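Here is the structure we will look at, set down as structure tokens.
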Amino acid sequence: MQISTRQIDDFKNDRKDITPPLPVVLRLVPILFYCSIAVAILLSSLFALQFQLAIQKRDAHKAQITSIGAKTQSARNDRAALETEIKKATDIQAWVAGSRPLQPLLVNIARSMGARSSIVDLRLDRDADNPAQIKIALRMATDSTKQLDDTVEKMATLKYRAFSPTQSLGRGELDYKATLVQQDPLTLEQPTPETPQ
Amino acid sequence: MKSIDLKSILNFSAFRPEPDDPSAAWRRRFPAERTVFFGLARMGLSWREIGRGSKIGDREFVRAEPKEILTQSGDHIKPLSEHGWCAISMNTRYVISLETNLSRRTGSEDMLKTNARSVLGGRFERGKHYALTHNPETNSSILLTIDEDQARKTESLFTEGGFRIGRICCGAYALLKHALSVTNTEKGADNPVSSFYIVCCEGAVCALVQEQDRWQELRSRTDVYEDDLTPITDLLAPFHSRLAPEMGITLISDEPLEGLPERLATAFPGRTINDLSQPAMLANLMIQN
């Protein structure tokens with residue numbers, strides 16, 4: 001025969017509200033709960049880490065932006081300085097280019113000076129509003145007005161006509177002021193200044 | 001759902017049986033908690049700690065009125081249990097008897113708690129707790145009877161002592177069932193077993209004669225012996241003439257009783273003695289079941 005051992009008989013007065021243990025499969029509930037907490041902590045840690053890294057990256061980018069901004073500003077300043085220089089150079093170039101048509105006139109005036117005459121002061125002004133007119137102020141050291149005639153004649157060979165001329169002679173110097181207007185400058189051929197003998 | 005229910009789910013206690021759930025084994029109820037196992041005799045109380053992982057501590061015994069012992073030594077015993085849970089082996093004021101023709105309906109052993117009258121019929125008495133072991137080959141059954149009042153008094157005694165009762169069992173009956181289950185292992189009547197079962201537990205003695213699988217005679221007495229084992233052999237001596245010549249003896253006791261096998265060999269000459277006793281035998285059984 002076979003007698004199996006069952007549980008030991010219990011003779012205490014049992015409580016009425018004893019509940020049986022929950023099924024083992026339901027252990028998944030707290031296990032999943034703890035797993036979810038662990039995953040949440042892990043993810044939060046990762047997110048916090050990523051957040052810190054993002055802040056560091058942002059700060060690095062800000063610093064880079066500041067640095068690049070400073071460099072850009074420096075480049076702008078350099079460019080502004082260069083542009084100023086360019087403008088000056090352009091102005092000089094324009095001045096040089098603008099004064100080129102006057103060079104034959106200056107050369108003719110200089111060559112018109114006789115042996116006993118010399119130029120003390122020569123000023124040529126061209127009005128921006130009316131660039132075709134050239135105001136000439138010439139001070140010569142000479143003892144006669146013939147030199148002035150020679151000079152005016154030389155200027156006339158370049159087809160400059162003098163308007164409103166004024167002249168004054170005193171103490172060996174002759175002041176001459178006039179407004180020169182070139183007649184038909186487009187048709188004017190630029191004569192090659194003669195080499196003085 | 002209350003917060004305590006949520007807490008019990010989150011700390012997994014809801015998946016373990018409640019500490020006083022009689023349907024669960026002790027080690028499942030207290031897998032990681034220290035408890036105390038008491039052995040209650042008429043004039044004495046023994047106890048031992050059942051530690052975490054079902055580690056059994058040393059036995060202590062005091063011979064005096066249990067109430068006095070709990071009053072005087074309660075502070076010494078209580079720390080052995082973390083939350084006051086204890087199991088009690090009642091070794092006095094019970095009756096183990098051999099009955100015949102009891103109901104064998106399916107679940108009759110479980111029905112003893114709810115409707116004992118339907119199982120025991122005319123043998124039922126009001127105000128008693130019962131436990132039953134049927135002989136599968138014959139119509140005989142071993143019936144354990146304990147007074148409800150006695151169980152209630154025992155509960156009160158330990159509750160007033162600051163303990164919480166997880167189980168009240170009868171040590172001798174549990175040992176007898178264990179001895180029967182160990183020796184009767186083959187189904188059917190092809191290999192019938194004959195043995196003279198002797199159970200000793202905290203002063204209580206139970207003797208059962210099984211011949212060719214038939215339970216023939218059962219005798220149970222409580223508070224038979226203390227230190228001297230002579231009353232045991234005196235109680236069992238009359239059986240000698242009634243036992244079949246080839247019948248062996250199966251001895252089981254809650255603790256190995258020094259000198260008892262030799263005394264039995266003298267009292268029952270020529271019979272083989274199968275001593276199943278082990279240290280903390282009853283405590284081990286109580287934990288495992």
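Just so we're on the same page: first chain in the structure tokens is A, next is B, and so on; residues restart at 1 for each chain, and ligands are numbered from 1 in the order they show up.
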
- Counting only C-alpha atoms, what is within 12 Å of Asp234 of chain B, bar same-chain residues fewer than 5 positions away, as a ChimeraX atom specification? /B:205,224-225,228-229,239-240,263-264,266-268

For chain B against chain A, which residues fall within 7 Å using only C-alpha atoms, given as a short mmCIF file (atom, residue, chain, number, x, y, z; two decimals) with N, CA and C atoms, in the first residue's frame?
```cif
data_model
loop_
_atom_site.label_atom_id
_atom_site.label_comp_id
_atom_site.auth_asym_id
_atom_site.auth_seq_id
_atom_site.Cartn_x
_atom_site.Cartn_y
_atom_site.Cartn_z
N ILE B 9 2.00 43.63 -3.08
CA ILE B 9 2.33 43.18 -4.43
C ILE B 9 3.76 43.60 -4.78
N LEU B 10 4.08 44.83 -4.39
CA LEU B 10 5.41 45.34 -4.77
C LEU B 10 6.53 44.67 -3.98
N ALA B 14 2.43 39.30 -1.53
CA ALA B 14 1.12 38.83 -1.99
C ALA B 14 1.23 37.52 -2.76
N PHE B 15 2.44 37.18 -3.18
CA PHE B 15 2.63 35.94 -3.92
C PHE B 15 3.06 34.80 -2.99
N ARG B 16 3.24 35.13 -1.74
CA ARG B 16 3.52 34.09 -0.76
C ARG B 16 2.25 33.86 0.06
N PRO B 17 2.11 32.67 0.63
CA PRO B 17 0.93 32.44 1.48
C PRO B 17 1.02 33.30 2.74
N ASP B 21 -1.68 30.81 6.97
CA ASP B 21 -2.43 30.03 5.98
C ASP B 21 -2.12 28.54 6.20
N PRO B 22 -3.10 27.76 6.67
CA PRO B 22 -2.80 26.37 7.02
C PRO B 22 -2.51 25.49 5.81
N HIS B 129 -11.59 18.98 17.19
CA HIS B 129 -10.91 19.04 15.90
C HIS B 129 -10.49 17.63 15.54
N ALA B 131 -8.39 14.92 12.64
CA ALA B 131 -7.54 14.66 11.47
C ALA B 131 -7.61 13.17 11.20
N PRO B 136 -5.41 2.72 2.69
CA PRO B 136 -6.00 2.53 1.36
C PRO B 136 -6.35 1.07 1.05
N GLU B 137 -5.83 0.14 1.81
CA GLU B 137 -6.08 -1.27 1.50
C GLU B 137 -7.19 -1.88 2.36
N ALA B 151 -7.32 23.61 22.02
CA ALA B 151 -6.63 24.36 20.97
C ALA B 151 -6.77 25.86 21.22
N ARG B 167 0.71 27.82 13.34
CA ARG B 167 0.26 26.43 13.17
C ARG B 167 0.20 25.76 14.54
N ILE B 168 -0.85 24.96 14.72
CA ILE B 168 -0.90 24.07 15.90
C ILE B 168 -1.06 22.66 15.35
N CYS B 169 -0.10 21.82 15.64
CA CYS B 169 -0.16 20.47 15.11
C CYS B 169 0.05 19.47 16.25
N ALA B 174 1.87 13.61 13.43
CA ALA B 174 2.66 13.95 12.24
C ALA B 174 3.80 12.96 12.04
N LYS B 177 2.37 9.62 10.75
CA LYS B 177 2.06 9.70 9.32
C LYS B 177 3.33 9.64 8.48
N HIS B 178 4.36 10.30 8.97
CA HIS B 178 5.62 10.30 8.23
C HIS B 178 6.21 8.89 8.17
N LEU B 180 4.62 6.08 8.41
CA LEU B 180 3.79 5.26 7.51
C LEU B 180 4.10 5.56 6.05
N SER B 181 4.29 6.83 5.75
CA SER B 181 4.54 7.20 4.35
C SER B 181 5.93 6.73 3.90
N ASN B 184 5.52 2.66 3.72
CA ASN B 184 4.51 2.14 2.79
C ASN B 184 4.57 2.96 1.51
N THR B 185 5.40 2.48 0.60
CA THR B 185 5.66 3.30 -0.59
C THR B 185 5.18 2.66 -1.89
N GLU B 186 4.78 1.41 -1.84
CA GLU B 186 4.39 0.74 -3.09
C GLU B 186 2.87 0.62 -3.16
N LYS B 187 2.35 1.01 -4.30
CA LYS B 187 0.90 0.96 -4.49
C LYS B 187 0.43 -0.49 -4.57
N GLY B 188 -0.79 -0.71 -4.17
CA GLY B 188 -1.37 -2.04 -4.28
C GLY B 188 -1.01 -2.94 -3.11
N ALA B 189 -1.49 -4.15 -3.20
CA ALA B 189 -1.32 -5.08 -2.08
C ALA B 189 -0.32 -6.19 -2.41
N PRO B 192 2.84 -6.42 0.76
CA PRO B 192 2.30 -5.90 2.03
C PRO B 192 3.42 -5.70 3.06
N ASP B 213 -0.24 -4.96 5.79
CA ASP B 213 -0.93 -3.71 5.43
C ASP B 213 -2.18 -3.41 6.28
N MET B 286 7.84 19.70 10.11
CA MET B 286 6.95 20.86 10.21
C MET B 286 7.34 21.91 9.16
N ASN B 289 6.37 20.68 5.45
CA ASN B 289 4.97 20.44 5.11
C ASN B 289 4.09 21.62 5.51
#
```

- Task: For atom CA of Ser45 of chain A and atom CA of Ala60 of chain A, determine how far apart the two atoms are, in Å to one decimal place.
- Result: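 Separation between atom CA of Ser45 of chain A and atom CA of Ala60 of chain A: 22.2 Å.
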
- Query: So how far away is atom CA of Ala128 of chain A from atom CA of Asn108 of chain A, in Å?
  - Reply: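 So the answer is 23.8 Å.
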